[in-house]
Amino acid sequence: MSRLSRRVPVRRLLCVLPLLLVAVVAVRHRAVLAEGFGHLATAEWTWLLAAAGATCLTWVAAACTRQGAVVERLPGRRLLAVQFAAGAANHLLPTGLGASAVNLRFMTVCGLPLARSSAALALYLLAESVGRLALLGALLIAFPGALRLGTLVPEGAAGPLLLVVAVVPVVAAGVLVLVRRLRTAVVSFLRTALGEARSVHTRPARALALWGGALAFPALQATGLVLVGRALGLPVPAGHMAVAYLAATVAVALVPTPGGLGSVEAALVVALVAVGGPAAVATAVVLAYRIITVWLPLAPGALTLAALVRLRVI
């Protein structure tokens with residue numbers, strides 16, 4: 001095995017793999033790419049540049065949230081580069097797994113034990129979810145007639161969805177009660193996670209970074225969609241577009257597709273139509289928005305990921 005590991009350049013293969021995955025995903029979605037770039041050509045470039053700026057700021061917000069989830073100070077430039085690379089990894093693997101794996105590896109390389117790195121990752125995911133739901137709730141209060149949430153759930157799917165939501169916690173609790181080894185591992189992880197959360201919240205700077213970034217991240221994503229909508233002349237108020245974006249991303253959060261490719265586009269189109277946008281223009285806005293936020297950063301993000309692997313940052 002040692003001879004084989006010396007002969008096979010594992011790290012070099014890991015550097016090439018992200019680029020190969022980008023090529024595969026691009027070929028599979030070539031029709032969407034062509035249509036999306038066609039819509040960009042007819043848009044107002046001032047608004048598109050602003051949308052690109054908002055997209056860049058999402059990586060800064062993610063870096064702030066990641067830093068806020070740990071007590072130790074992480075190297076700032078590397079942390080920001082890792083968020084850019086993690087975005088590419090997130091679009092190449094099932095939802096959330098790519099970014100989580102990249103950040104988990106980064107924290108362990110920085111010297112954090114695996115248990116604490118996992119706890120910090122869980123705290124980040126919790127804060128991001130709470131921030132997104134809180135922002136959606138605030139916007140629904142501000143714009144109560146913006147969206148009927150039932151439009152995002154297919155007809156007849158509400159009952160099975162509620163059943164799954166009710167059954168899954170019961171099954172999980174039953175498994176924990178019956179499987180002692182798993183229960184011990186979960187209890188140990190929860191102790192570590194709660195201890196990490198308490199330590200973070202005793203430091204105001206860390207707590208501010210955690211929750212400020214968790215709110216800023218979805219707000220910047222929604223802002224990007226609003227700006228693309230303005231660029232393509234979507235006749236929907238900005239607040240309603242933001243509601244549509246947040247509701248759609250919450251609705252597809254559990255869909256296990258790479259970066260939400262396909263599912264996010266469909267949900268966004270439905271949500272924008274539900275808040276009053278014409279279907280054709282809503283489709284154009286969604287395709288252009290995904291080009292800016294997903295496809296344009298994908299190749300540079302994969303190159304950054306390969307460089308970070310080669311430099312042993314992750």
# chains A, B, ... in the order shown; residues from 1 in each chain; ligands from 1
call {"tool": "residues_around", "arguments": {"residues": "Arg132 (chain A)", "least_positions_apart": "3", "cutoff": "8 Å", "atoms": "only C-alpha atoms", "output": "NGL selection string"}}
result
:A and (128-129 or 135-136 or 214-215 or 218 or 246 or 250)
call {"tool": "write_last_selection", "arguments": {"atoms": "N, CA, C and O atoms", "output": "PDB file, in the first residue's frame"}}
result
ATOM      1  N   GLU A 128     -26.611  30.040   9.952  1.00  0.00           N
ATOM      2  CA  GLU A 128     -27.024  30.385   8.591  1.00  0.00           C
ATOM      3  C   GLU A 128     -28.503  30.094   8.373  1.00  0.00           C
ATOM      4  O   GLU A 128     -29.225  30.893   7.769  1.00  0.00           O
ATOM      5  N   SER A 129     -28.972  28.964   8.894  1.00  0.00           N
ATOM      6  CA  SER A 129     -30.391  28.613   8.754  1.00  0.00           C
ATOM      7  C   SER A 129     -31.272  29.582   9.522  1.00  0.00           C
ATOM      8  O   SER A 129     -32.303  30.049   9.017  1.00  0.00           O
ATOM      9  N   LEU A 135     -34.680  36.392   8.378  1.00  0.00           N
ATOM     10  CA  LEU A 135     -34.812  37.415   7.343  1.00  0.00           C
ATOM     11  C   LEU A 135     -36.085  37.212   6.533  1.00  0.00           C
ATOM     12  O   LEU A 135     -36.806  38.172   6.229  1.00  0.00           O
ATOM     13  N   LEU A 136     -36.397  35.965   6.217  1.00  0.00           N
ATOM     14  CA  LEU A 136     -37.641  35.679   5.496  1.00  0.00           C
ATOM     15  C   LEU A 136     -38.849  36.078   6.332  1.00  0.00           C
ATOM     16  O   LEU A 136     -39.796  36.693   5.820  1.00  0.00           O
ATOM     17  N   ALA A 214     -24.314  35.673   9.341  1.00  0.00           N
ATOM     18  CA  ALA A 214     -25.434  34.774   9.040  1.00  0.00           C
ATOM     19  C   ALA A 214     -26.630  35.539   8.468  1.00  0.00           C
ATOM     20  O   ALA A 214     -27.400  34.994   7.669  1.00  0.00           O
ATOM     21  N   LEU A 215     -26.808  36.777   8.870  1.00  0.00           N
ATOM     22  CA  LEU A 215     -27.881  37.606   8.308  1.00  0.00           C
ATOM     23  C   LEU A 215     -27.458  38.245   6.986  1.00  0.00           C
ATOM     24  O   LEU A 215     -28.254  38.360   6.057  1.00  0.00           O
ATOM     25  N   PRO A 218     -27.589  35.659   3.392  1.00  0.00           N
ATOM     26  CA  PRO A 218     -28.808  35.558   2.569  1.00  0.00           C
ATOM     27  C   PRO A 218     -29.302  36.913   2.071  1.00  0.00           C
ATOM     28  O   PRO A 218     -29.903  36.996   1.000  1.00  0.00           O
ATOM     29  N   LEU A 246     -35.793  34.167  -0.886  1.00  0.00           N
ATOM     30  CA  LEU A 246     -35.613  33.484   0.395  1.00  0.00           C
ATOM     31  C   LEU A 246     -36.592  32.316   0.537  1.00  0.00           C
ATOM     32  O   LEU A 246     -36.216  31.238   1.013  1.00  0.00           O
ATOM     33  N   VAL A 250     -35.384  28.371   0.865  1.00  0.00           N
ATOM     34  CA  VAL A 250     -35.822  27.580   2.019  1.00  0.00           C
ATOM     35  C   VAL A 250     -36.582  26.338   1.543  1.00  0.00           C
ATOM     36  O   VAL A 250     -36.399  25.237   2.076  1.00  0.00           O
TER      37      VAL A 250
END
call {"tool": "select_by_dssp", "arguments": {"residues": "region 39-282 of chain A", "states": "helix (DSSP H, G or I)", "output": "PyMOL selection string"}}
result
chain A and resi 39-41+45-68+76-92+97-109+114-142+149-152+158-178+180-201+204-231+238-251+263-274+279-282
call {"tool": "closest_residue", "arguments": {"among": "A:Ala253, A:Ile314, A:Ile292, A:Ala244", "to": "Cys56 (chain A)", "atoms": "only C-alpha atoms"}}
result
A:Ile292
call {"tool": "residues_around", "arguments": {"residues": "region 297-304 of chain A", "least_positions_apart": "2", "cutoff": "8 Å", "atoms": "only C-alpha atoms", "output": "ChimeraX atom specification"}}
result
/A:18-19,22,81,84-89,91,292-295,306-308
call {"tool": "write_last_selection", "arguments": {"atoms": "N, CA, C and O atoms", "output": "compact mmCIF listing (two decimals), in the first residue's frame"}}
result
# COMPACT_ATOMS: atom_id res chain seq x y z
N PRO A 18 -11.47 18.79 -9.38
CA PRO A 18 -12.49 19.86 -9.46
C PRO A 18 -12.69 20.38 -10.88
O PRO A 18 -13.83 20.66 -11.28
N LEU A 19 -11.61 20.52 -11.64
CA LEU A 19 -11.74 21.03 -13.01
C LEU A 19 -12.49 20.04 -13.90
O LEU A 19 -13.29 20.44 -14.75
N VAL A 22 -16.13 20.38 -13.07
CA VAL A 22 -16.69 21.59 -13.68
C VAL A 22 -17.02 21.34 -15.14
O VAL A 22 -18.09 21.72 -15.64
N ALA A 81 -10.22 32.86 0.82
CA ALA A 81 -9.97 32.02 -0.36
C ALA A 81 -10.69 30.68 -0.24
O ALA A 81 -11.22 30.15 -1.23
N PHE A 84 -14.32 31.03 -1.20
CA PHE A 84 -14.48 31.09 -2.66
C PHE A 84 -14.38 29.69 -3.25
O PHE A 84 -15.20 29.29 -4.09
N ALA A 85 -13.39 28.93 -2.80
CA ALA A 85 -13.23 27.55 -3.28
C ALA A 85 -14.38 26.66 -2.82
O ALA A 85 -14.86 25.80 -3.57
N ALA A 86 -14.85 26.88 -1.59
CA ALA A 86 -15.95 26.07 -1.06
C ALA A 86 -17.22 26.29 -1.86
O ALA A 86 -18.04 25.38 -2.01
N GLY A 87 -17.41 27.51 -2.39
CA GLY A 87 -18.58 27.77 -3.23
C GLY A 87 -18.58 26.88 -4.46
O GLY A 87 -19.61 26.34 -4.85
N ALA A 88 -17.40 26.72 -5.08
CA ALA A 88 -17.30 25.83 -6.25
C ALA A 88 -17.55 24.39 -5.84
O ALA A 88 -18.29 23.65 -6.52
N ALA A 89 -16.96 23.96 -4.73
CA ALA A 89 -17.16 22.58 -4.27
C ALA A 89 -18.62 22.32 -3.95
O ALA A 89 -19.14 21.22 -4.18
N HIS A 91 -21.18 23.45 -5.49
CA HIS A 91 -21.96 23.27 -6.71
C HIS A 91 -21.60 21.99 -7.45
O HIS A 91 -22.22 21.68 -8.46
N ILE A 292 -24.42 34.47 -13.06
CA ILE A 292 -23.54 35.35 -12.29
C ILE A 292 -23.08 34.71 -10.98
O ILE A 292 -21.91 34.80 -10.61
N THR A 293 -23.99 34.05 -10.30
CA THR A 293 -23.67 33.56 -8.95
C THR A 293 -23.08 32.15 -8.93
O THR A 293 -22.42 31.77 -7.97
N VAL A 294 -23.35 31.36 -9.98
CA VAL A 294 -22.89 29.97 -9.99
C VAL A 294 -21.86 29.72 -11.09
O VAL A 294 -20.73 29.31 -10.82
N TRP A 295 -22.25 29.99 -12.33
CA TRP A 295 -21.44 29.52 -13.45
C TRP A 295 -20.18 30.35 -13.67
O TRP A 295 -19.11 29.79 -13.94
N ALA A 306 -8.11 23.78 -6.33
CA ALA A 306 -6.94 22.98 -6.69
C ALA A 306 -5.67 23.58 -6.12
O ALA A 306 -4.80 22.86 -5.61
N ALA A 307 -5.56 24.92 -6.16
CA ALA A 307 -4.36 25.58 -5.63
C ALA A 307 -4.26 25.39 -4.11
O ALA A 307 -3.16 25.16 -3.57
N LEU A 308 -5.38 25.49 -3.43
CA LEU A 308 -5.38 25.32 -1.97
C LEU A 308 -4.99 23.89 -1.59
O LEU A 308 -4.31 23.67 -0.58
